[in-house]
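Trainee: What follows is input_22.cif, made up of mmCIF, C-alpha atoms and all ligand atoms:
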data_final
#
loop_
_atom_site.label_atom_id
_atom_site.label_comp_id
_atom_site.auth_asym_id
_atom_site.auth_seq_id
_atom_site.Cartn_x
_atom_site.Cartn_y
_atom_site.Cartn_z
CA MET A 1 162.55 84.26 -29.95
CA GLU A 2 161.07 82.35 -27.06
CA LEU A 3 162.22 83.40 -23.61
CA LYS A 4 164.12 80.13 -23.20
CA GLU A 5 166.14 80.84 -26.32
CA GLU A 6 166.75 84.45 -25.28
CA LEU A 7 168.05 83.32 -21.91
CA LEU A 8 170.46 80.97 -23.66
CA LYS A 9 171.61 83.37 -26.38
CA LEU A 10 171.33 87.04 -25.47
CA LYS A 11 173.54 89.23 -23.32
CA PHE A 12 171.00 91.56 -21.69
CA ILE A 13 167.44 90.72 -20.67
CA MET A 14 165.36 93.35 -18.92
CA PHE A 15 162.19 92.69 -16.95
CA GLY A 16 159.81 95.61 -16.61
CA GLY A 17 156.20 96.54 -16.04
CA LYS A 18 153.79 98.13 -13.59
CA GLY A 19 154.50 98.10 -9.85
CA GLY A 20 153.95 94.88 -7.95
CA VAL A 21 153.12 92.63 -10.91
CA GLY A 22 156.04 90.23 -10.40
CA LYS A 23 159.04 91.73 -12.22
CA THR A 24 161.53 90.85 -9.50
CA SER A 25 160.15 87.33 -9.08
CA CYS A 26 160.27 86.66 -12.84
CA ALA A 27 163.74 88.20 -13.21
CA SER A 28 165.15 86.14 -10.31
CA SER A 29 163.52 83.00 -11.57
CA ALA A 30 164.82 83.52 -15.11
CA ALA A 31 168.32 84.28 -13.83
CA ILE A 32 168.38 81.09 -11.75
CA TRP A 33 167.26 79.08 -14.75
CA ALA A 34 169.93 80.60 -17.00
CA ALA A 35 172.67 80.06 -14.40
CA GLU A 36 171.67 76.44 -13.97
CA ASN A 37 171.71 76.01 -17.70
CA GLY A 38 175.34 76.95 -17.97
CA ARG A 39 175.37 80.70 -18.40
CA ASN A 40 177.48 82.81 -16.08
CA THR A 41 174.70 85.16 -14.99
CA LEU A 42 174.52 88.49 -13.19
CA ILE A 43 171.18 89.76 -11.96
CA ILE A 44 171.03 93.49 -11.29
CA SER A 45 168.29 95.49 -9.66
CA THR A 46 168.15 99.10 -10.82
CA ASP A 47 165.05 99.85 -8.79
CA PRO A 48 165.90 102.24 -5.94
CA ALA A 49 163.34 100.36 -3.81
CA HIS A 50 165.21 97.07 -3.93
CA SER A 51 163.64 93.72 -3.28
CA LEU A 52 166.01 91.47 -5.20
CA GLY A 53 167.79 90.32 -2.03
CA ASP A 54 164.44 89.54 -0.42
CA SER A 55 163.32 87.59 -3.45
CA LEU A 56 166.50 85.50 -3.55
CA GLY A 57 166.53 85.24 0.23
CA LEU A 58 169.94 86.76 0.83
CA GLU A 59 171.57 89.92 2.06
CA LEU A 60 172.82 92.14 -0.77
CA PRO A 61 175.14 94.94 0.34
CA PRO A 62 174.48 97.95 -1.95
CA GLY A 63 176.78 98.17 -4.93
CA ILE A 64 178.60 94.91 -4.19
CA PRO A 65 178.15 91.95 -6.52
CA THR A 66 177.38 88.96 -4.33
CA PRO A 67 177.50 85.29 -5.35
CA VAL A 68 174.16 83.61 -4.70
CA ASP A 69 174.56 80.73 -2.22
CA HIS A 70 174.34 77.24 -3.64
CA ILE A 71 173.72 78.43 -7.19
CA LYS A 72 176.75 78.08 -9.37
CA ASN A 73 177.20 80.84 -11.97
CA LEU A 74 174.79 83.32 -10.35
CA THR A 75 175.78 86.72 -8.95
CA ALA A 76 173.35 89.35 -7.69
CA LEU A 77 173.78 93.11 -7.41
CA GLU A 78 171.59 95.92 -6.14
CA ILE A 79 172.70 99.34 -7.25
CA ASN A 80 171.46 102.63 -5.97
CA PRO A 81 171.35 105.06 -8.89
CA LYS A 82 171.38 108.08 -6.60
CA ALA A 83 174.55 107.06 -4.82
CA ASN A 84 176.52 107.72 -7.97
CA MET A 85 175.58 111.37 -8.20
CA ALA A 86 178.66 112.34 -6.21
CA ASP A 87 180.79 111.18 -9.12
CA PHE A 88 179.21 113.81 -11.27
CA LYS A 89 179.92 116.78 -9.00
CA GLY A 90 182.12 119.34 -10.63
CA LEU A 91 181.64 118.14 -14.17
CA THR A 92 179.33 120.95 -15.05
CA ASN A 93 181.24 123.48 -13.06
CA ILE A 94 182.44 125.90 -15.68
CA ASN A 95 182.17 128.98 -13.49
CA PRO A 96 180.34 131.14 -15.98
CA MET A 97 180.06 134.09 -13.64
CA GLU A 98 183.75 134.32 -12.84
CA ASP A 99 184.61 133.93 -16.47
CA LEU A 100 182.03 136.51 -17.43
CA GLU A 101 183.80 139.23 -15.51
CA MET A 102 186.34 139.21 -18.27
CA GLY A 103 183.54 140.34 -20.55
CA GLY A 104 182.96 139.42 -24.13
CA LEU A 105 180.92 136.24 -23.65
CA ASP A 106 177.76 138.13 -24.40
CA GLU A 107 179.12 139.33 -27.70
CA MET A 108 180.04 135.78 -28.58
CA GLY A 109 176.44 134.79 -27.93
CA MET A 110 177.41 132.19 -25.38
CA PHE A 111 175.91 133.59 -22.22
CA GLY A 112 172.50 132.03 -22.75
CA GLU A 113 174.00 128.69 -23.64
CA ILE A 114 176.22 128.65 -20.59
CA GLN A 115 173.40 129.59 -18.28
CA GLU A 116 171.17 126.94 -19.72
CA LEU A 117 173.70 124.15 -19.55
CA SER A 118 175.40 124.91 -16.29
CA SER A 119 172.20 125.47 -14.36
CA MET A 120 170.66 122.11 -15.03
CA ASN A 121 171.58 118.58 -14.37
CA PRO A 122 171.23 116.53 -17.49
CA PRO A 123 168.00 114.53 -17.57
CA GLY A 124 168.43 111.05 -16.20
CA ILE A 125 172.07 111.54 -15.27
CA ASP A 126 171.69 109.31 -12.23
CA GLU A 127 170.49 106.35 -14.29
CA ALA A 128 173.16 107.08 -16.88
CA LEU A 129 175.89 106.93 -14.30
CA ALA A 130 174.46 103.79 -12.83
CA PHE A 131 174.36 102.21 -16.25
CA GLY A 132 177.85 103.46 -17.07
CA LYS A 133 179.06 101.90 -13.82
CA ILE A 134 177.40 98.62 -14.68
CA LEU A 135 178.98 98.51 -18.10
CA GLU A 136 182.40 99.37 -16.74
CA PHE A 137 182.01 96.68 -14.12
CA ILE A 138 180.83 94.10 -16.61
CA GLU A 139 183.53 94.89 -19.13
CA THR A 140 186.51 95.29 -16.88
CA GLU A 141 186.10 92.97 -13.96
CA HIS A 142 183.98 90.07 -14.94
CA ASN A 143 183.08 87.75 -17.66
CA PHE A 144 179.32 87.36 -17.51
CA ASP A 145 177.46 85.69 -20.34
CA LEU A 146 174.10 87.14 -19.38
CA ILE A 147 172.95 90.15 -17.41
CA VAL A 148 169.34 90.12 -16.22
CA PHE A 149 167.92 93.50 -15.20
CA ASP A 150 165.16 93.81 -12.66
CA THR A 151 163.99 97.31 -13.49
CA ALA A 152 161.96 99.86 -11.55
CA PRO A 153 158.23 100.22 -12.30
CA THR A 154 157.32 101.63 -15.68
CA GLY A 155 157.94 105.35 -15.26
CA HIS A 156 161.51 104.99 -14.11
CA THR A 157 162.29 102.40 -16.70
CA LEU A 158 161.20 104.72 -19.47
CA ARG A 159 163.43 107.48 -18.20
CA PHE A 160 166.33 105.10 -18.14
CA LEU A 161 165.64 104.07 -21.72
CA SER A 162 165.26 107.59 -23.03
CA LEU A 163 168.60 108.45 -21.53
CA PRO A 164 171.08 107.74 -24.24
CA GLU A 165 169.44 110.22 -26.55
CA THR A 166 168.81 113.09 -24.16
CA LEU A 167 172.00 112.65 -22.26
CA SER A 168 174.34 112.33 -25.18
CA GLY A 169 172.63 115.40 -26.65
CA TRP A 170 173.33 117.27 -23.46
CA ILE A 171 176.91 116.05 -23.21
CA GLY A 172 177.50 116.87 -26.86
CA LYS A 173 176.38 120.47 -26.28
CA MET A 174 178.47 120.66 -23.15
CA LEU A 175 181.57 119.43 -24.93
CA LYS A 176 181.15 121.89 -27.78
CA LEU A 177 180.59 124.73 -25.40
CA ARG A 178 183.63 123.82 -23.36
CA VAL A 179 185.77 123.76 -26.46
CA LYS A 180 184.50 127.19 -27.50
CA LEU A 181 184.83 128.57 -24.03
CA GLY A 182 188.20 126.94 -23.50
CA ASN A 183 189.65 128.54 -26.63
CA PHE A 184 188.16 131.87 -25.80
CA LEU A 185 189.29 131.95 -22.20
CA GLY A 186 192.68 130.56 -23.07
CA VAL A 187 193.47 133.84 -24.81
CA PHE A 188 192.56 135.84 -21.72
CA LYS A 189 194.21 133.46 -19.35
CA ASN A 190 197.49 133.71 -21.21
CA PHE A 191 197.14 137.44 -21.37
CA PHE A 192 196.65 137.80 -17.62
CA LYS A 193 198.99 134.91 -16.90
CA LYS A 194 196.32 133.52 -14.66
CA GLU A 195 197.12 129.94 -13.79
CA LYS A 196 194.62 127.15 -13.62
CA SER A 197 194.22 126.42 -9.94
CA GLU A 198 193.40 122.75 -10.24
CA LYS A 199 193.66 120.05 -12.81
CA ASP A 200 190.53 119.96 -14.89
CA ASN A 201 189.80 116.53 -16.33
CA SER A 202 186.06 116.96 -16.62
CA MET A 203 186.26 117.01 -20.42
CA GLU A 204 187.75 113.54 -20.40
CA VAL A 205 185.16 112.29 -17.95
CA LEU A 206 182.34 113.72 -20.06
CA GLU A 207 183.76 112.20 -23.20
CA ARG A 208 184.14 108.80 -21.61
CA LEU A 209 180.63 108.93 -20.24
CA ASN A 210 179.31 109.97 -23.62
CA ASN A 211 181.06 107.06 -25.33
CA SER A 212 179.90 104.48 -22.86
CA ILE A 213 176.33 105.75 -23.17
CA LEU A 214 176.45 105.61 -26.96
CA ASN A 215 177.83 102.06 -26.79
CA ALA A 216 175.19 101.08 -24.29
CA ARG A 217 172.55 102.45 -26.59
CA ASP A 218 173.84 100.39 -29.49
CA ASP A 219 173.70 97.26 -27.32
CA LEU A 220 170.25 98.07 -25.95
CA ILE A 221 168.63 98.39 -29.35
CA ASN A 222 170.35 95.38 -30.88
CA PRO A 223 167.92 92.42 -30.84
CA GLU A 224 170.91 90.05 -31.04
CA ILE A 225 172.06 91.40 -27.70
CA THR A 226 169.11 92.73 -25.72
CA SER A 227 165.48 91.92 -25.17
CA PHE A 228 162.83 93.34 -22.87
CA VAL A 229 160.24 91.17 -21.16
CA ILE A 230 157.06 92.92 -20.08
CA VAL A 231 155.35 91.53 -17.00
CA MET A 232 151.70 92.28 -16.30
CA ILE A 233 148.64 91.04 -14.43
CA PRO A 234 145.29 90.46 -16.17
CA GLU A 235 143.60 93.70 -15.13
CA GLU A 236 142.35 96.68 -17.10
CA MET A 237 144.85 99.19 -15.67
CA ALA A 238 147.77 96.86 -16.18
CA ILE A 239 146.85 96.32 -19.82
CA ALA A 240 146.63 100.06 -20.47
CA GLU A 241 150.01 100.63 -18.88
CA THR A 242 151.51 97.69 -20.74
CA GLY A 243 150.34 99.21 -24.03
CA ARG A 244 152.06 102.49 -23.19
CA LEU A 245 155.25 100.73 -22.13
CA LEU A 246 155.31 98.67 -25.31
CA ASN A 247 154.83 101.78 -27.44
CA GLN A 248 157.75 103.47 -25.72
CA LEU A 249 159.95 100.43 -26.19
CA ILE A 250 159.04 100.29 -29.87
CA LYS A 251 159.89 103.97 -30.16
CA TYR A 252 163.34 103.32 -28.72
CA ASN A 253 163.78 100.34 -31.06
CA MET A 254 164.00 97.88 -28.22
CA SER A 255 163.11 94.32 -28.96
CA VAL A 256 160.16 92.79 -27.08
CA SER A 257 159.23 89.19 -27.92
CA ASN A 258 157.86 87.91 -24.65
CA MET A 259 155.17 89.14 -22.32
CA VAL A 260 154.16 87.53 -19.06
CA ILE A 261 150.65 87.46 -17.60
CA ASN A 262 151.26 86.75 -13.94
CA GLN A 263 149.07 85.88 -10.97
CA ILE A 264 146.30 84.13 -12.89
CA PHE A 265 143.63 82.55 -10.68
CA PRO A 266 143.57 78.79 -11.07
CA LYS A 267 140.66 77.22 -12.93
CA LYS A 268 139.03 75.06 -10.32
CA GLU A 269 135.46 73.95 -9.82
CA GLU A 270 135.63 74.41 -6.08
CA LEU A 271 136.51 78.11 -6.23
CA CYS A 272 134.58 80.32 -3.83
CA ASP A 273 132.35 83.11 -5.22
CA PHE A 274 135.01 85.71 -4.59
CA CYS A 275 137.64 83.69 -6.47
CA LYS A 276 135.19 82.82 -9.27
CA ASN A 277 134.50 86.52 -9.75
CA ARG A 278 138.15 87.31 -9.94
CA ARG A 279 138.78 84.40 -12.25
CA ASN A 280 136.00 85.62 -14.61
CA MET A 281 137.32 89.16 -14.55
CA GLN A 282 140.82 87.87 -15.36
CA GLU A 283 139.61 85.60 -18.15
CA LYS A 284 138.06 88.54 -19.93
CA HIS A 285 141.34 90.44 -19.76
CA ILE A 286 143.49 87.47 -20.73
CA LYS A 287 141.39 87.12 -23.87
CA ARG A 288 141.97 90.77 -24.73
CA ILE A 289 145.68 90.55 -24.00
CA ILE A 290 145.97 87.63 -26.39
CA GLU A 291 143.97 89.45 -29.07
CA ILE A 292 146.01 92.64 -28.82
CA PHE A 293 149.52 91.45 -28.10
CA LYS A 294 149.66 87.93 -29.49
CA ASP A 295 147.38 88.00 -32.53
CA LYS A 296 147.98 91.58 -33.64
CA MET A 297 151.52 92.20 -32.41
CA ASN A 298 152.96 88.73 -32.61
CA LYS A 299 154.32 88.48 -29.07
CA ASN A 300 154.74 85.26 -27.11
CA ILE A 301 152.40 85.33 -24.15
CA ILE A 302 153.51 83.39 -21.08
CA GLN A 303 150.84 82.61 -18.49
CA ILE A 304 151.73 82.10 -14.83
CA PRO A 305 149.25 81.03 -12.15
CA LEU A 306 148.74 82.73 -8.82
CA PHE A 307 150.65 80.62 -6.31
CA ASN A 308 149.05 79.80 -2.99
CA ASP A 309 152.13 81.22 -1.27
CA GLU A 310 154.61 84.05 -1.78
CA VAL A 311 157.06 83.44 -4.57
CA ARG A 312 160.35 83.75 -2.74
CA LYS A 313 163.61 81.87 -2.45
CA TYR A 314 165.03 79.07 -4.51
CA GLY A 315 162.25 76.46 -4.35
CA LYS A 316 159.40 78.77 -5.31
CA LEU A 317 161.46 80.63 -7.89
CA LYS A 318 162.29 77.31 -9.54
CA GLU A 319 158.60 76.47 -9.59
CA LEU A 320 157.92 79.82 -11.25
CA ALA A 321 160.65 79.05 -13.79
CA ASP A 322 158.74 75.93 -14.87
CA TYR A 323 155.92 78.19 -16.08
CA LEU A 324 158.22 80.93 -17.37
CA ILE A 325 160.31 78.57 -19.50
CA GLN A 326 157.69 76.37 -21.08
N1 LIG B 401 152.50 84.11 -9.48
C1 LIG B 401 152.52 84.58 -8.23
N2 LIG B 401 151.77 84.01 -7.27
C2 LIG B 401 151.79 84.45 -6.01
N3 LIG B 401 152.51 85.50 -5.60
C3 LIG B 401 153.28 86.13 -6.50
C4 LIG B 401 153.34 85.71 -7.86
N4 LIG B 401 154.21 86.52 -8.51
C5 LIG B 401 154.67 87.40 -7.60
N5 LIG B 401 154.12 87.18 -6.39
C6 LIG B 401 154.30 87.93 -5.16
O1 LIG B 401 153.87 89.25 -5.40
C7 LIG B 401 154.70 90.19 -4.74
C8 LIG B 401 155.27 91.17 -5.75
O2 LIG B 401 156.14 90.48 -6.62
P1 LIG B 401 157.49 91.16 -7.15
O3 LIG B 401 158.23 91.77 -6.03
O4 LIG B 401 158.16 90.16 -7.99
O5 LIG B 401 156.83 92.29 -8.05
P2 LIG B 401 157.54 93.57 -8.69
O6 LIG B 401 156.82 93.82 -9.98
O7 LIG B 401 158.99 93.37 -8.75
O8 LIG B 401 157.19 94.69 -7.63
P3 LIG B 401 157.84 96.16 -7.53
O9 LIG B 401 157.17 96.96 -8.59
O10 LIG B 401 157.46 96.57 -6.16
O11 LIG B 401 159.30 95.99 -7.74
C9 LIG B 401 155.76 89.39 -4.02
O12 LIG B 401 155.38 89.23 -2.69
C10 LIG B 401 155.75 88.04 -4.74
O13 LIG B 401 156.11 87.00 -3.87
MG MG B 402 160.56 94.55 -7.99
#
What would the structure in this file look like if it were written as structure tokens?
Mentor:
Amino acid sequence: MELKEELLKLKFIMFGGKGGVGKTSCASSAAIWAAENGRNTLIISTDPAHSLGDSLGLELPPGIPTPVDHIKNLTALEINPKANMADFKGLTNINPMEDLEMGGLDEMGMFGEIQELSSMNPPGIDEALAFGKILEFIETEHNFDLIVFDTAPTGHTLRFLSLPETLSGWIGKMLKLRVKLGNFLGVFKNFFKKEKSEKDNSMEVLERLNNSILNARDDLINPEITSFVIVMIPEEMAIAETGRLLNQLIKYNMSVSNMVINQIFPKKEELCDFCKNRRNMQEKHIKRIIEIFKDKMNKNIIQIPLFNDEVRKYGKLKELADYLIQ
């Protein structure tokens, strides 16, 4: 599917790639285009180092969805994944040591398991919670047609994508262990008539989190719902990193149809030597990108020129959209 069609049909579109290549600019520009073409659009930045507000030219209070001035149908949101960690406190608190004093856990072969699970935070829990929050927000409070994600540079994005698997594995283990431990301790607790001091609803919270992550995963790998757009610049390092990102996305079954080559030097006779050199260097890489990703892997390649000014705020983002949506 061409990007234009994806913006008109899909529910989630994620922009990702190496640092500084133009992910935020492309995501903002695409979101503006979609909103102006009738889709009720939310753009979310999941990069802890936010620049979405700067790109759109407005103040975005963290965690609060904010309507974008003068653009009907567009809401922007910057979330801080770390801020949600507080919600997780206590979930893994199963007090293995206190419970151990009653003895017997060792014989049941659970000591190792408990130590392992209770001592670590699940991998990527912060992103999971952030994503869970987003889904809850999208499902319960609003009726968005399209959610555009401006993701963090490659490394973070990958962690976020690998989450559903690792996290649900972790939660699954945790749930099983809690059931075992709960049954086991229940016997002792009744025997000693020891009352539970506080209400423990962490099982429910874990189960809910697990479900929303599994649902999210289904949505993320469904090409009718989600697509990932890789943004890059025509340089050797960026191509190498793009290849790795694409491989990861393929591994997670995420659909990628469109790739953007951004910041291409204009082809002009009057270029200075410096610019000509850069232009030649870029041309070589553009050729390779097309060979690898278009010819061999069948991706749409979108080419965007280097603007003579920063790409910020409505006017410039609209100009960018003209190239993005050909
Ligand atoms: N085609 C372009 N021409 C000129 N400047 C551009 C172009 N695309 C992006 N920029 C500028 O490059 C800078 C980086 O762009 P942007 O913030 O979109 O990248 P990013 O990939 O989101 O970066 P980060 O990894 O830091 O989040 C910005 O100052 C932006 O205005
Ligand atoms: Mg960015």
Trainee: Could you list, as number ranges by chain, every residue within 7 Å of stretch 260-275 of chain A, counting only C-alpha atoms and ignoring same-chain residues fewer than 3 positions away?
Mentor: A: 21-22, 230-234, 278-279, 301-306
Trainee: Mind pulling up the distance from atom CA of A:His285 to atom CA of A:Glu6?
Mentor: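 These two atoms are separated by 26.7 Å.
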Trainee: Within 9 Å of ligand LIG 401 (chain B), counting all atoms listed in the file, which protein or nucleic acid residues do you find, written as an mmCIF file with C-alpha atoms, keeping the file's coordinate frame?
Mentor:
data_model
loop_
_atom_site.group_PDB
_atom_site.id
_atom_site.type_symbol
_atom_site.label_atom_id
_atom_site.label_comp_id
_atom_site.auth_asym_id
_atom_site.auth_seq_id
_atom_site.Cartn_x
_atom_site.Cartn_y
_atom_site.Cartn_z
ATOM 1 C CA PHE A 15 162.190 92.690 -16.950
ATOM 2 C CA GLY A 16 159.810 95.610 -16.610
ATOM 3 C CA GLY A 17 156.200 96.540 -16.040
ATOM 4 C CA LYS A 18 153.790 98.130 -13.590
ATOM 5 C CA GLY A 19 154.500 98.100 -9.850
ATOM 6 C CA GLY A 20 153.950 94.880 -7.950
ATOM 7 C CA VAL A 21 153.120 92.630 -10.910
ATOM 8 C CA GLY A 22 156.040 90.230 -10.400
ATOM 9 C CA LYS A 23 159.040 91.730 -12.220
ATOM 10 C CA THR A 24 161.530 90.850 -9.500
ATOM 11 C CA SER A 25 160.150 87.330 -9.080
ATOM 12 C CA CYS A 26 160.270 86.660 -12.840
ATOM 13 C CA ALA A 27 163.740 88.200 -13.210
ATOM 14 C CA SER A 28 165.150 86.140 -10.310
ATOM 15 C CA ASP A 47 165.050 99.850 -8.790
ATOM 16 C CA ALA A 49 163.340 100.360 -3.810
ATOM 17 C CA HIS A 50 165.210 97.070 -3.930
ATOM 18 C CA SER A 51 163.640 93.720 -3.280
ATOM 19 C CA LEU A 52 166.010 91.470 -5.200
ATOM 20 C CA ASP A 54 164.440 89.540 -0.420
ATOM 21 C CA SER A 55 163.320 87.590 -3.450
ATOM 22 C CA ASP A 150 165.160 93.810 -12.660
ATOM 23 C CA THR A 151 163.990 97.310 -13.490
ATOM 24 C CA ALA A 152 161.960 99.860 -11.550
ATOM 25 C CA PRO A 153 158.230 100.220 -12.300
ATOM 26 C CA THR A 154 157.320 101.630 -15.680
ATOM 27 C CA VAL A 231 155.350 91.530 -17.000
ATOM 28 C CA MET A 232 151.700 92.280 -16.300
ATOM 29 C CA ILE A 261 150.650 87.460 -17.600
ATOM 30 C CA ASN A 262 151.260 86.750 -13.940
ATOM 31 C CA GLN A 263 149.070 85.880 -10.970
ATOM 32 C CA ILE A 264 146.300 84.130 -12.890
ATOM 33 C CA PHE A 265 143.630 82.550 -10.680
ATOM 34 C CA ILE A 304 151.730 82.100 -14.830
ATOM 35 C CA PRO A 305 149.250 81.030 -12.150
ATOM 36 C CA LEU A 306 148.740 82.730 -8.820
ATOM 37 C CA PHE A 307 150.650 80.620 -6.310
ATOM 38 C CA ASN A 308 149.050 79.800 -2.990
ATOM 39 C CA ASP A 309 152.130 81.220 -1.270
ATOM 40 C CA GLU A 310 154.610 84.050 -1.780
ATOM 41 C CA VAL A 311 157.060 83.440 -4.570
ATOM 42 C CA ARG A 312 160.350 83.750 -2.740
ATOM 43 C CA LYS A 316 159.400 78.770 -5.310
ATOM 44 C CA LEU A 320 157.920 79.820 -11.250
#
Trainee: Compile the contact shell of A:Ile292 as a list in words: residues with an atom at most 12 Å away, counting only C-alpha atoms, same-chain residues fewer than 3 positions apart removed.
Mentor: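 The filter keeps Ile239, Ala240, Thr242, Gly243, Leu246, Met259, His285, Ile286, Lys287, Arg288, Ile289, Asp295, Lys296, Met297, Asn298, Lys299, Asn300 and Ile301 of chain A.
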Trainee: Just checking: using all atoms listed in the file, which residue out of A:Leu245, A:Ile290, A:Val229, A:Ala35 ends up closest to A:Met14?
Mentor: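 Closest to A:Met14 of all the choices is A:Val229.
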Trainee: May I ask which of the residues A:His70, A:Lys11, A:Lys173, A:Lys4 is the closest one to A:Asn222, counting only C-alpha atoms?
Mentor: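 Closest to A:Asn222 of all the choices is A:Lys11.
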Trainee: Under the rule that all atoms listed in the file are counted, which of A:Leu214, A:Ile44, A:Met237, A:Ile225 is the nearest residue to ligand MG 402 (chain B)?
Mentor: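 Closest candidate: A:Ile44.
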Trainee: Could you check how far atom CA of A:Asn73 sits from atom CA of A:Pro223, in Å to one decimal?
Mentor: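 Computed distance, atom CA of A:Asn73 to atom CA of A:Pro223, equals 24.0 Å.
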Trainee: Measure the distance from atom CA of A:Asp145 to atom CA of A:Leu74 in Å and round it to one decimal.
Mentor: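 About the pair atom CA of A:Asp145 and atom CA of A:Leu74: they are 10.6 Å apart.
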Trainee: Let me make sure I understand: among A:Gly57, A:Gly38, A:Gly169, A:Pro48, which one has the smallest atom-to-atom distance to ligand MG 402 (chain B) if we use all atoms listed in the file?
Mentor: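 Closest to ligand MG 402 (chain B) of all the choices is A:Pro48.
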Trainee: Excluding A:Thr75 and its own-chain neighbours fewer than 3 positions away, which residues fall within 7 Å of it when counting all atoms listed in the file? Please give them as a PyMOL selection string.
Mentor: chain A and resi 41-43+65-68
Trainee: Have a look at A:Gly53, A:Leu220, A:Ala31, A:Asn277 and name the one nearest to ligand MG 402 (chain B); count only C-alpha atoms and all ligand atoms.
Mentor: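 Of A:Gly53, A:Leu220, A:Ala31, A:Asn277, the one nearest ligand MG 402 (chain B) is A:Gly53, counting only C-alpha atoms and all ligand atoms.
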Trainee: Choose the residue, out of A:Glu5, A:Ser227, A:Glu236, A:Trp170, that has the smallest atom-to-atom separation from A:Leu249; count all atoms listed in the file.
Mentor: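 Looking at the shortest contact to A:Leu249, the residue is A:Ser227.
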